[in-house]
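One structure below.
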Amino acid sequence: MAEGKSDVKIGVYVCHCGSNIAGTVDVEKVTEFAQEQGSVAVARNYKFMCSEPGQALIKKDIEELGLDGVVVAACSPRMHEPTFRRVCEEAGLNPYRLHMCNIREQCSWVHKNGATEKAEALISAAISRACYLEPLERREVPVAPAVLVVGGGIAGIQAALKVADAGRKVYLVEREPSIGGHMAQLDKTFPTLDCSACILTPRMAAVKAHPNIELMTYSEVVDVQGYVGNFKATIRRKPRYVDESLCTGCGICWEKCPWKAESEFDCGLGQRKAIYTPFPQAVPNVPVIDPEHCVYILRDGKCGACLKFCERGAIDFNQTEKMVEVEVGAIIVATGYDVFDPSAITRLGYNRFPNVITSLEFERLCNAAGPTSGHIVVDGREPKSVGIIHCVGSRDRKYHEYCSRVCCMYALKFAHLIKEKIEGANVYQFYIDMRCYGKGFEEFYQRAGTEGVTFIRGRPAQVTDLAISEEEEGKLMVVCENTLVGAVMRVPVDMVILCPAMEARSDARDVARLFNLSQSADGFLLERHAKMEPVATANDGVFVVGCVQGPKDIPDTVAQALAGAAEALALIDKGSVELEAATAVVDEAACSGCKICVPLCPYTAITFNEAEKRALINEALCKGCGVCVAACPAAAIVARHFTDQQILAEVEALLVDARPAPAEV
Amino acid sequence: MRYVYYPGCSASGTSKEAEESLQAAMGALGVEWTELEDWNCCGAAIAIGTSYLLSVALPARNLALAERAESDLVTGCSRCFLNLIRAIHYTHENASVHEKVNELLAETGVQYSGKARLRHLLDVIVNDIGLDVVAERVTQPLDGLRVAPYYGCCQGMWTYAQFDSVEDPHCFDQLLATLGAQVVDYPLKTACCGGTLSMSRRSVGAKLIGDLLAAAGDADCIVTACPLCLFNLNSFQREAGRIKGTHFNIPVLFLTQMMGMAFGLPKKALGLQRNAVPVDGLYKKIAAGATVSSGAASASRPK
Amino acid sequence: MVVPSDNYEPRIVGFLCNWCAYQGADLAGTSRMAYAPNVRIVRVMCTGRIDPTFVLKAFNSGADGVIIAGCHPGDCHYSEGNYKTTRRIALLKKLLSQMGIDGERFRLEWVSAGEGAKWAQIADEMSAAIKEKGPLAWRENLKEA
Amino acid sequence: MGALATTLEKAWTPHTLERIPSLRYLVGNDFSLCYQCGLCTGSCRSAYAMKYTPRQVMNLLQLGRVDEAVASGSGLLCTACFSCTFRCPRGVAITDLMGAIQRLSLAEKHADPHIQRFYRAFMRTVERHGRFHEIEFLVRYYALNPLRLRDELRVGLTLLTKGKIVLKAPKVKSQKGIAAMFRKAAQIEGRP
């Protein structure tokens, strides 16, 4: 039995969580166990502690029994700690005198046998800790009433517009010369077949025109300091070599520029100039000069065609990189996704056969503004038969285990577009499972069937140009088991479209570190809760929206973007945030002035008072990590809410069932 | 350089030319080859049809012998390589497999710890000996000879993962180019030749061989990295032709035979008289090619 | 000498940082990954907070093993708390090994918030390893020595 | 398709695990992870000749219909090239599972007698000599099968004239030990 403290009264509340806890943990036994512990004034269990009646139970006890501490043995503190802290507060108990004991995520959900014993140990530890919890005061600080949106694809655009429409200042930072993202590259969108540009470009223009949005393209966030409500972000603005304030976007410069490079926007299928806008509707409609292809830059002034022809004198080769600092209350990360490189799977022939292309390349081929003016032509020919291969790099342990969620649908869209543009064309879908789960998706699938698209269930093993019969000559053969028949088919086609996985950006790890976020196992950034907090993150005040969080289609991306905007607005419109009360504090009497702690602090929150030879912690800067506490040789630093006493008491009581004196041999 | 090598049954019988030419070519390169003492059959593709444990333990015994000889083990047979590396992989991944294998090996007085490293002949030639050394030894460049390298399927799994792309290997191509040959790329270069199906299920085996021979197209010859494939591709051309409705007569050589030709070694030393499909035509082509492109070929060879 | 009984269940104390490992353990829960019930978790904000005395206290109170789990190097929520932990724990490890507590009884692991499966695996491994070894009974054994 | 439909129609009890004892030694995932994409079949050169493609064999295992897979003899066409295993997106140890089916087909005599003789002759030769020995193998394989011998005459003669048939048996010092290995394996695996 834990001894506890004689002078405190603790209430213990064991939650059944329906059968989530009670199905595995004997809640009656655990409650009885709690009741027997010293310091425990009352122990109860209830079906759902987080429900109104459950909360009322706790409140009543606090008020009537005058509890000094509350232990709620239920789910993870990451779920309901805020709920029960509020309960305590409303009943007049300092919220820091609550301890959440995690007997669901870390006990009932993961153990079949021994869950009750483990729950007892955890509760024993919780009671012990609760005896030593001290009341703390949270302080409020005002928030910076602005939002930083990182990434100018459809997610970033929608989030920025919504926040700006609510009257708040937005800084929208985009790495590329124009906003628009991947959506700007798409031709039509499923299942409605809206033209992607038609629905996107008005939003892009609205961003440019919005008085509350400060757009920074060709720029990257390089540093983030501060905390929720008060972030300081440093943005690196790369030199465009074109003055945005002078340029009218007339286009004479790129018309006259003699130097060409592959167009990134057209996936290398077309060309652009060394001074260019990625596409005609680019926002801002101001070109950039690509220093890797501009001969003026490469060969020290030997060209200057743009300089000569620009009537406004907007070309400025003296521009240099600039650092801009902004202060914001919330950050929305919308940095999108990368397309898996299918050349990793050599047997599918990408990069070996010119008529094996990726879905994004096909989008550009199909697009009226694309390199072929919308004519589907590869290797100089219009294909009469097309094979579309699903799940390239998706649903495969060697590459990505997950399903990329959009490929089935855009593959159907492709089939429709091919049928529409090329009369009599045969289209074969090589799929494993058709996943048409969204609104209007199944109907679209049906439509493709009526349009005469052929569906072959099987993951192709190979795309080869080896002909073994006359009708195969000059064709690409997709070799695949038709799994519904149980026979290997060789399907001759003129073009193969691969549907590569959507994958986390190659620099997702850097982005995660920059904003202090976590990545899930698939590399995408991790939301705080998969269902209930889909855009919040472990870092308060930072939200993830769109494909940076995982593969998704445009409707889902937009929905998340708006959710992110709502989260950010809710945060900054409140006007203030509560600072963490669980900070470290120096016991001046005990401090020996050794200065070991000073350089350890990652937030430079510790200063040294030379006159008094004492360390001092700035509570506004301290985030309560406790590194200094563990390092202090004089034990003069106290981690509030995680004091040595609290943790040691917790550890001791955690082993409450450690066997008594063992048998001697 | 000194290597302990595992010849395998094919190379010591039905594909003797592989073994003879291997000795000759390595001798020409100044590499010392010692045969693994007391080696046994790796079980080919047959042991797996009789006993799971034997299919791992038979190759593992050879690895245990290599450990006893305190040496890495090299093999020039892809089928053997696959069985050997499978044994390494499985005993490493599954402790109960390892335990049972050692239980079996105890009967022959050896134990396998998992230390022995396995190398493929191609890996040794390309990465240890080096293509530059091979190039220096070339006295009769294979100018004008169109050669189709046949890596063999067995290399697909773990083989090239160690030293080349698994699905699209290139080291063999590079080696042949170094010898001055014109390398023919064809899609079935890593496909299975059917292994023992040529014996156990002739109609299937011959079809697979026929597809392969046809895929190599207008190559003057096929070069294999596996004595078992060498036997298959050489011995069943008539049966394959019957199934494919054509007539095959394409010389198939082992890779060290091809090297030996470029090194100017005597035919007999390379066992060239043993190849089922005569190879004399190749010498004529080389001679003709040399007169056409005198000197130019050496420049086109990679470094 | 302590005699391990057949149904011996080791007690292992886990100190997990709030941002990565604790969330990883929560993820194992929400994903319902069954694992051994022997690890009992103490939540700290950062592994950098972990004072060696916490670990000694755990062993002294009857723990058969202690595991510290935090964010992967470079991913610390507080920038570099886990680097400090690494250094601090290396020293402690040396000290403990002199007292007969080896690397199977005292582990330092990196578990991200997305690595629920890894946490479950570590808990299973460690429980099995200590079960094999038997109870530590440090207090009693020290007395004997 | 018809034959399978009728067997599946009958009441059945799954019996996968008992029938494949080597599952305990499996390296890689078992058939339960197969999601029937067919990449194995598409990668298999001999699948065209199988009654059930490798994917279908995996499905039969999932359904517990090992007997059906064994009787089909599909496993006997596996060349153990491992292409399927290497490519499988779910990491299923397909080749070893096909091997298990192959063993059952041979042990339960679902293969042509000459195929059974082929396997037996090969293994017996290795058991006796530690290595393959052509002459002994040929004698064992063809002695009772003169008709097949006629088919093989051409290949055999070529080998003979090219000096590739070694008359002398290979000498492996540990011959006895290897034979003991064979016996031990049979004992562990419960084979006669």
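FYI, nothing fancy with the structure tokens labels: chains A, B, ... in order, residues from 1 per chain, ligands from 1 as they appear.
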
- Task: Find the spatial neighbours of stretch 84-91 of chain C, counting only C-alpha atoms, within a cut-off of 10 Å - ignore same-chain residues fewer than 5 positions away - and output them as a ChimeraX atom specification.
- Result: /A:600,627,630-631 /C:46-52,55,68,70,73,96,106-109

For C-alpha atoms, I'd like the residues from the last selection saved as an mmCIF file, in the first residue's frame.
```cif
data_model
loop_
_atom_site.group_PDB
_atom_site.id
_atom_site.type_symbol
_atom_site.label_atom_id
_atom_site.label_comp_id
_atom_site.auth_asym_id
_atom_site.auth_seq_id
_atom_site.Cartn_x
_atom_site.Cartn_y
_atom_site.Cartn_z
ATOM 1 C CA LEU A 600 22.246 24.361 -21.861
ATOM 2 C CA VAL A 627 17.200 20.025 -19.265
ATOM 3 C CA ALA A 630 18.512 17.593 -14.507
ATOM 4 C CA ALA A 631 21.883 19.261 -15.042
ATOM 5 C CA CYS C 46 11.739 15.770 -22.409
ATOM 6 C CA THR C 47 14.253 12.990 -21.857
ATOM 7 C CA GLY C 48 16.592 15.851 -21.003
ATOM 8 C CA ARG C 49 14.657 16.199 -17.774
ATOM 9 C CA ILE C 50 15.635 12.718 -16.644
ATOM 10 C CA ASP C 51 17.917 12.899 -13.681
ATOM 11 C CA PRO C 52 20.071 9.787 -13.126
ATOM 12 C CA VAL C 55 16.726 5.686 -12.799
ATOM 13 C CA ILE C 68 14.254 5.792 -21.503
ATOM 14 C CA GLY C 70 12.657 10.002 -26.554
ATOM 15 C CA PRO C 73 18.289 12.633 -32.729
ATOM 16 C CA LEU C 96 25.184 0.781 -13.807
ATOM 17 C CA PHE C 106 18.751 -0.390 -19.013
ATOM 18 C CA ARG C 107 17.978 0.872 -22.468
ATOM 19 C CA LEU C 108 17.830 4.164 -24.279
ATOM 20 C CA GLU C 109 15.662 4.173 -27.414
#
```

- Query: DSSP says strand (DSSP E or B) for which residues of stretch 360-529 of chain A? Put them as a ChimeraX atom specification?
  - Reply: /A:378,381,385-392,426-431,454-457,462-464,476-482,487-493,495-500,502-504,519,525,529

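Around B:Asp72, within 8 Å and counting only C-alpha atoms, the residues found are Tyr3, Val4, Ala66, Glu67, Ala116, Arg117, Leu118 and Arg119 of chain B, once anything fewer than 5 positions away on its own chain is removed.
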
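Non-sequential neighbours of D:Lys164 (distance at most 8 Å, separation of 6 or more positions within a chain, only C-alpha atoms) are Gly13, Thr14, Ser15, Lys16 and Arg274 of chain B.
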
Cut-off 12 Å: closest chain A/chain B atom pairs per residue, using only C-alpha atoms, as a Markdown table:
```
| residue | atom | partner | partner_atom | distance |
| --- | --- | --- | --- | --- |
| A:Ser343 | CA | B:Asp168 | CA | 10.9 |
| A:Ala344 | CA | B:Glu167 | CA | 9.6 |
| A:Ile345 | CA | B:Glu167 | CA | 8.0 |
| A:Thr346 | CA | B:Asp168 | CA | 6.5 |
| A:Arg347 | CA | B:Glu167 | CA | 6.9 |
| A:Leu348 | CA | B:Glu167 | CA | 10.5 |
| A:Gly349 | CA | B:Pro187 | CA | 10.5 |
| A:Arg352 | CA | B:Asp168 | CA | 11.2 |
| A:Ala461 | CA | B:Glu167 | CA | 11.6 |
| A:Gln462 | CA | B:Pro187 | CA | 9.7 |
| A:Val463 | CA | B:Pro187 | CA | 9.6 |
| A:Thr464 | CA | B:Pro187 | CA | 6.8 |
| A:Asp465 | CA | B:Pro187 | CA | 7.8 |
| A:Leu466 | CA | B:Pro187 | CA | 6.5 |
| A:Ala467 | CA | B:Ala215 | CA | 8.5 |
| A:Ile468 | CA | B:Asp211 | CA | 8.2 |
| A:Ser469 | CA | B:Lys244 | CA | 11.0 |
| A:Leu476 | CA | B:Pro187 | CA | 11.9 |
| A:Met477 | CA | B:Pro187 | CA | 11.5 |
```

Requested write-out: N, CA, C and O atoms of the selected residues, as a PDB file, in the first residue's frame:
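Ended up saving to selection.pdb:
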```pdb
ATOM      1  N   SER A 343      11.010   5.581 -62.310  1.00  0.00           N
ATOM      2  CA  SER A 343      12.168   4.915 -62.924  1.00  0.00           C
ATOM      3  C   SER A 343      12.824   3.966 -61.928  1.00  0.00           C
ATOM      4  O   SER A 343      13.633   3.119 -62.312  1.00  0.00           O
ATOM      5  N   ALA A 344      12.443   4.100 -60.646  1.00  0.00           N
ATOM      6  CA  ALA A 344      12.945   3.145 -59.640  1.00  0.00           C
ATOM      7  C   ALA A 344      12.459   1.724 -59.945  1.00  0.00           C
ATOM      8  O   ALA A 344      13.099   0.758 -59.563  1.00  0.00           O
ATOM      9  N   ILE A 345      11.314   1.627 -60.615  1.00  0.00           N
ATOM     10  CA  ILE A 345      10.802   0.294 -60.966  1.00  0.00           C
ATOM     11  C   ILE A 345      11.117   0.071 -62.444  1.00  0.00           C
ATOM     12  O   ILE A 345      10.288   0.339 -63.319  1.00  0.00           O
ATOM     13  N   THR A 346      12.316  -0.401 -62.711  1.00  0.00           N
ATOM     14  CA  THR A 346      12.801  -0.422 -64.095  1.00  0.00           C
ATOM     15  C   THR A 346      11.910  -1.244 -65.025  1.00  0.00           C
ATOM     16  O   THR A 346      11.793  -0.927 -66.193  1.00  0.00           O
ATOM     17  N   ARG A 347      11.288  -2.299 -64.480  1.00  0.00           N
ATOM     18  CA  ARG A 347      10.522  -3.184 -65.359  1.00  0.00           C
ATOM     19  C   ARG A 347       9.302  -2.503 -65.971  1.00  0.00           C
ATOM     20  O   ARG A 347       8.702  -3.030 -66.889  1.00  0.00           O
ATOM     21  N   LEU A 348       8.916  -1.339 -65.440  1.00  0.00           N
ATOM     22  CA  LEU A 348       7.777  -0.644 -66.033  1.00  0.00           C
ATOM     23  C   LEU A 348       8.196   0.300 -67.161  1.00  0.00           C
ATOM     24  O   LEU A 348       7.366   0.959 -67.778  1.00  0.00           O
ATOM     25  N   GLY A 349       9.497   0.389 -67.397  1.00  0.00           N
ATOM     26  CA  GLY A 349       9.962   1.021 -68.622  1.00  0.00           C
ATOM     27  C   GLY A 349      10.019   2.544 -68.641  1.00  0.00           C
ATOM     28  O   GLY A 349      10.306   3.138 -69.673  1.00  0.00           O
ATOM     29  N   ARG A 352      12.912   4.487 -70.191  1.00  0.00           N
ATOM     30  CA  ARG A 352      13.506   3.617 -71.197  1.00  0.00           C
ATOM     31  C   ARG A 352      12.729   3.708 -72.499  1.00  0.00           C
ATOM     32  O   ARG A 352      13.296   3.658 -73.572  1.00  0.00           O
ATOM     33  N   ALA A 461       3.416  -6.886 -64.445  1.00  0.00           N
ATOM     34  CA  ALA A 461       4.761  -7.306 -64.068  1.00  0.00           C
ATOM     35  C   ALA A 461       5.801  -6.604 -64.920  1.00  0.00           C
ATOM     36  O   ALA A 461       6.935  -6.440 -64.520  1.00  0.00           O
ATOM     37  N   GLN A 462       5.401  -6.194 -66.116  1.00  0.00           N
ATOM     38  CA  GLN A 462       6.408  -5.702 -67.040  1.00  0.00           C
ATOM     39  C   GLN A 462       5.774  -4.889 -68.172  1.00  0.00           C
ATOM     40  O   GLN A 462       4.661  -5.176 -68.599  1.00  0.00           O
ATOM     41  N   VAL A 463       6.520  -3.879 -68.613  1.00  0.00           N
ATOM     42  CA  VAL A 463       6.179  -3.209 -69.867  1.00  0.00           C
ATOM     43  C   VAL A 463       7.362  -3.464 -70.780  1.00  0.00           C
ATOM     44  O   VAL A 463       8.496  -3.133 -70.436  1.00  0.00           O
ATOM     45  N   THR A 464       7.111  -4.104 -71.910  1.00  0.00           N
ATOM     46  CA  THR A 464       8.242  -4.508 -72.758  1.00  0.00           C
ATOM     47  C   THR A 464       7.961  -4.203 -74.218  1.00  0.00           C
ATOM     48  O   THR A 464       6.810  -4.138 -74.636  1.00  0.00           O
ATOM     49  N   ASP A 465       9.031  -4.023 -74.982  1.00  0.00           N
ATOM     50  CA  ASP A 465       8.857  -3.809 -76.419  1.00  0.00           C
ATOM     51  C   ASP A 465       9.209  -5.078 -77.196  1.00  0.00           C
ATOM     52  O   ASP A 465       9.308  -5.069 -78.411  1.00  0.00           O
ATOM     53  N   LEU A 466       9.422  -6.159 -76.448  1.00  0.00           N
ATOM     54  CA  LEU A 466       9.745  -7.421 -77.104  1.00  0.00           C
ATOM     55  C   LEU A 466       8.481  -8.011 -77.731  1.00  0.00           C
ATOM     56  O   LEU A 466       7.549  -8.385 -77.024  1.00  0.00           O
ATOM     57  N   ALA A 467       8.469  -8.081 -79.049  1.00  0.00           N
ATOM     58  CA  ALA A 467       7.292  -8.602 -79.737  1.00  0.00           C
ATOM     59  C   ALA A 467       7.457 -10.091 -79.956  1.00  0.00           C
ATOM     60  O   ALA A 467       8.497 -10.547 -80.412  1.00  0.00           O
ATOM     61  N   ILE A 468       6.444 -10.873 -79.605  1.00  0.00           N
ATOM     62  CA  ILE A 468       6.540 -12.303 -79.895  1.00  0.00           C
ATOM     63  C   ILE A 468       5.527 -12.713 -80.961  1.00  0.00           C
ATOM     64  O   ILE A 468       5.380 -13.872 -81.267  1.00  0.00           O
ATOM     65  N   SER A 469       4.817 -11.741 -81.487  1.00  0.00           N
ATOM     66  CA  SER A 469       3.959 -12.048 -82.620  1.00  0.00           C
ATOM     67  C   SER A 469       3.842 -10.786 -83.470  1.00  0.00           C
ATOM     68  O   SER A 469       4.271  -9.710 -83.052  1.00  0.00           O
ATOM     69  N   LEU A 476       4.091  -1.426 -77.317  1.00  0.00           N
ATOM     70  CA  LEU A 476       4.555  -1.775 -75.981  1.00  0.00           C
ATOM     71  C   LEU A 476       3.589  -2.820 -75.451  1.00  0.00           C
ATOM     72  O   LEU A 476       2.376  -2.694 -75.627  1.00  0.00           O
ATOM     73  N   MET A 477       4.148  -3.849 -74.825  1.00  0.00           N
ATOM     74  CA  MET A 477       3.282  -4.872 -74.257  1.00  0.00           C
ATOM     75  C   MET A 477       3.223  -4.715 -72.752  1.00  0.00           C
ATOM     76  O   MET A 477       4.257  -4.648 -72.081  1.00  0.00           O
TER      77      MET A 477
END
```

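Here atom CA of A:Cys366 stands at a distance of 11.2 Å from atom CA of A:Lys413.
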
- Counting only C-alpha atoms, collect the residues of chain A whose closest atom lies at most 7 Å from chain D, and write them out as a ChimeraX atom specification. /A:395-398,432,458-461,479-481,483,486-488

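With distances restricted to only C-alpha atoms, C:Ala117 is the closest residue to C:Thr30 from C:Ala117, C:Asp124, C:His77, C:Leu136.
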
- Could you please tell me, as a PyMOL selection string, which residues of chain B have an atom within 8 Å of chain D when using only C-alpha atoms? chain B and resi 9+13-16+38-41+43+45-54+90+93-94+96-97+104-105+107-109+153-154+156-157+191-192+194-197+200-201+204+208+235-236+273-276

- Query: Excluding same-chain residues fewer than 2 positions from A:Ile297, what lies within 12 Å of it counting only C-alpha atoms, as a ChimeraX atom specification?
  - Reply: /A:241,259,274-275,289-295,299-304,316-319

Given only C-alpha atoms, how would the per-residue table for chain A near chain C read, listing every residue at most 8 Å away with its closest atom pair and distance in Å to one decimal, sorted by chain and number, as JSON lines?
```
{"residue": "A:Ser76", "atom": "CA", "partner": "C:Asp26", "partner_atom": "CA", "distance": 7.1}
{"residue": "A:Arg104", "atom": "CA", "partner": "C:Gly29", "partner_atom": "CA", "distance": 7.3}
{"residue": "A:Glu105", "atom": "CA", "partner": "C:Gly29", "partner_atom": "CA", "distance": 4.1}
{"residue": "A:Gln106", "atom": "CA", "partner": "C:Gly29", "partner_atom": "CA", "distance": 5.8}
{"residue": "A:Cys107", "atom": "CA", "partner": "C:Pro37", "partner_atom": "CA", "distance": 7.3}
{"residue": "A:Trp109", "atom": "CA", "partner": "C:Gly29", "partner_atom": "CA", "distance": 5.2}
{"residue": "A:Val110", "atom": "CA", "partner": "C:Ala34", "partner_atom": "CA", "distance": 4.3}
{"residue": "A:His111", "atom": "CA", "partner": "C:Ala34", "partner_atom": "CA", "distance": 5.6}
{"residue": "A:Lys112", "atom": "CA", "partner": "C:Ala34", "partner_atom": "CA", "distance": 7.3}
{"residue": "A:Asn113", "atom": "CA", "partner": "C:Pro37", "partner_atom": "CA", "distance": 7.5}
{"residue": "A:Gly114", "atom": "CA", "partner": "C:Pro37", "partner_atom": "CA", "distance": 6.1}
{"residue": "A:Ala115", "atom": "CA", "partner": "C:Pro37", "partner_atom": "CA", "distance": 6.6}
{"residue": "A:Lys118", "atom": "CA", "partner": "C:Pro37", "partner_atom": "CA", "distance": 6.8}
{"residue": "A:Ala121", "atom": "CA", "partner": "C:Arg40", "partner_atom": "CA", "distance": 7.8}
{"residue": "A:Leu122", "atom": "CA", "partner": "C:Arg40", "partner_atom": "CA", "distance": 7.0}
{"residue": "A:Arg513", "atom": "CA", "partner": "C:Asp75", "partner_atom": "CA", "distance": 6.3}
{"residue": "A:Asn516", "atom": "CA", "partner": "C:His77", "partner_atom": "CA", "distance": 6.0}
{"residue": "A:Leu517", "atom": "CA", "partner": "C:His77", "partner_atom": "CA", "distance": 7.8}
{"residue": "A:Ser518", "atom": "CA", "partner": "C:Ala113", "partner_atom": "CA", "distance": 6.5}
{"residue": "A:Gln519", "atom": "CA", "partner": "C:Gly114", "partner_atom": "CA", "distance": 6.5}
{"residue": "A:Ser520", "atom": "CA", "partner": "C:Gly114", "partner_atom": "CA", "distance": 4.3}
{"residue": "A:Ala521", "atom": "CA", "partner": "C:Gly114", "partner_atom": "CA", "distance": 5.3}
{"residue": "A:Leu526", "atom": "CA", "partner": "C:Gly114", "partner_atom": "CA", "distance": 7.4}
{"residue": "A:Ala538", "atom": "CA", "partner": "C:Trp19", "partner_atom": "CA", "distance": 7.0}
{"residue": "A:Pro602", "atom": "CA", "partner": "C:Ser79", "partner_atom": "CA", "distance": 6.6}
{"residue": "A:Gly624", "atom": "CA", "partner": "C:Met45", "partner_atom": "CA", "distance": 7.4}
{"residue": "A:Cys625", "atom": "CA", "partner": "C:Cys46", "partner_atom": "CA", "distance": 5.4}
{"residue": "A:Gly626", "atom": "CA", "partner": "C:Arg49", "partner_atom": "CA", "distance": 4.4}
{"residue": "A:Val627", "atom": "CA", "partner": "C:Gly48", "partner_atom": "CA", "distance": 4.6}
{"residue": "A:Cys628", "atom": "CA", "partner": "C:Arg49", "partner_atom": "CA", "distance": 7.6}
{"residue": "A:Val629", "atom": "CA", "partner": "C:Arg49", "partner_atom": "CA", "distance": 6.5}
{"residue": "A:Ala630", "atom": "CA", "partner": "C:Asp51", "partner_atom": "CA", "distance": 4.8}
{"residue": "A:Ala631", "atom": "CA", "partner": "C:Asp51", "partner_atom": "CA", "distance": 7.6}
{"residue": "A:Phe642", "atom": "CA", "partner": "C:Val44", "partner_atom": "CA", "distance": 7.3}
{"residue": "A:Ile647", "atom": "CA", "partner": "C:Phe54", "partner_atom": "CA", "distance": 7.5}
{"residue": "A:Leu648", "atom": "CA", "partner": "C:Phe54", "partner_atom": "CA", "distance": 6.3}
{"residue": "A:Glu650", "atom": "CA", "partner": "C:Val42", "partner_atom": "CA", "distance": 7.7}
{"residue": "A:Val651", "atom": "CA", "partner": "C:Ala58", "partner_atom": "CA", "distance": 6.0}
{"residue": "A:Glu652", "atom": "CA", "partner": "C:Ser61", "partner_atom": "CA", "distance": 5.7}
{"residue": "A:Leu654", "atom": "CA", "partner": "C:Arg40", "partner_atom": "CA", "distance": 7.3}
{"residue": "A:Leu655", "atom": "CA", "partner": "C:Gly62", "partner_atom": "CA", "distance": 6.4}
{"residue": "A:Ala658", "atom": "CA", "partner": "C:Gly62", "partner_atom": "CA", "distance": 5.4}
{"residue": "A:Arg659", "atom": "CA", "partner": "C:Gly62", "partner_atom": "CA", "distance": 7.6}
{"residue": "A:Ala661", "atom": "CA", "partner": "C:Glu140", "partner_atom": "CA", "distance": 7.5}
{"residue": "A:Pro662", "atom": "CA", "partner": "C:Val2", "partner_atom": "CA", "distance": 6.2}
{"residue": "A:Ala663", "atom": "CA", "partner": "C:Val2", "partner_atom": "CA", "distance": 6.5}
{"residue": "A:Glu664", "atom": "CA", "partner": "C:Met1", "partner_atom": "CA", "distance": 6.3}
{"residue": "A:Val665", "atom": "CA", "partner": "C:Met1", "partner_atom": "CA", "distance": 6.2}
```

- Note on the structure: The distance between atom CA of A:Phe524 and atom CA of A:Ile154 is 17.6 Å

- Picked from stretch 112-178 of chain B by DSSP as helix (DSSP H, G or I), as an MDAnalysis selection string: chainID B and resid 121:137 153:155 159:163 171:178

- Task: State, in Å with one decimal place, the distance from atom CA of A:Ile10 to atom CA of A:Lys623.
- Result: 28.4 Å
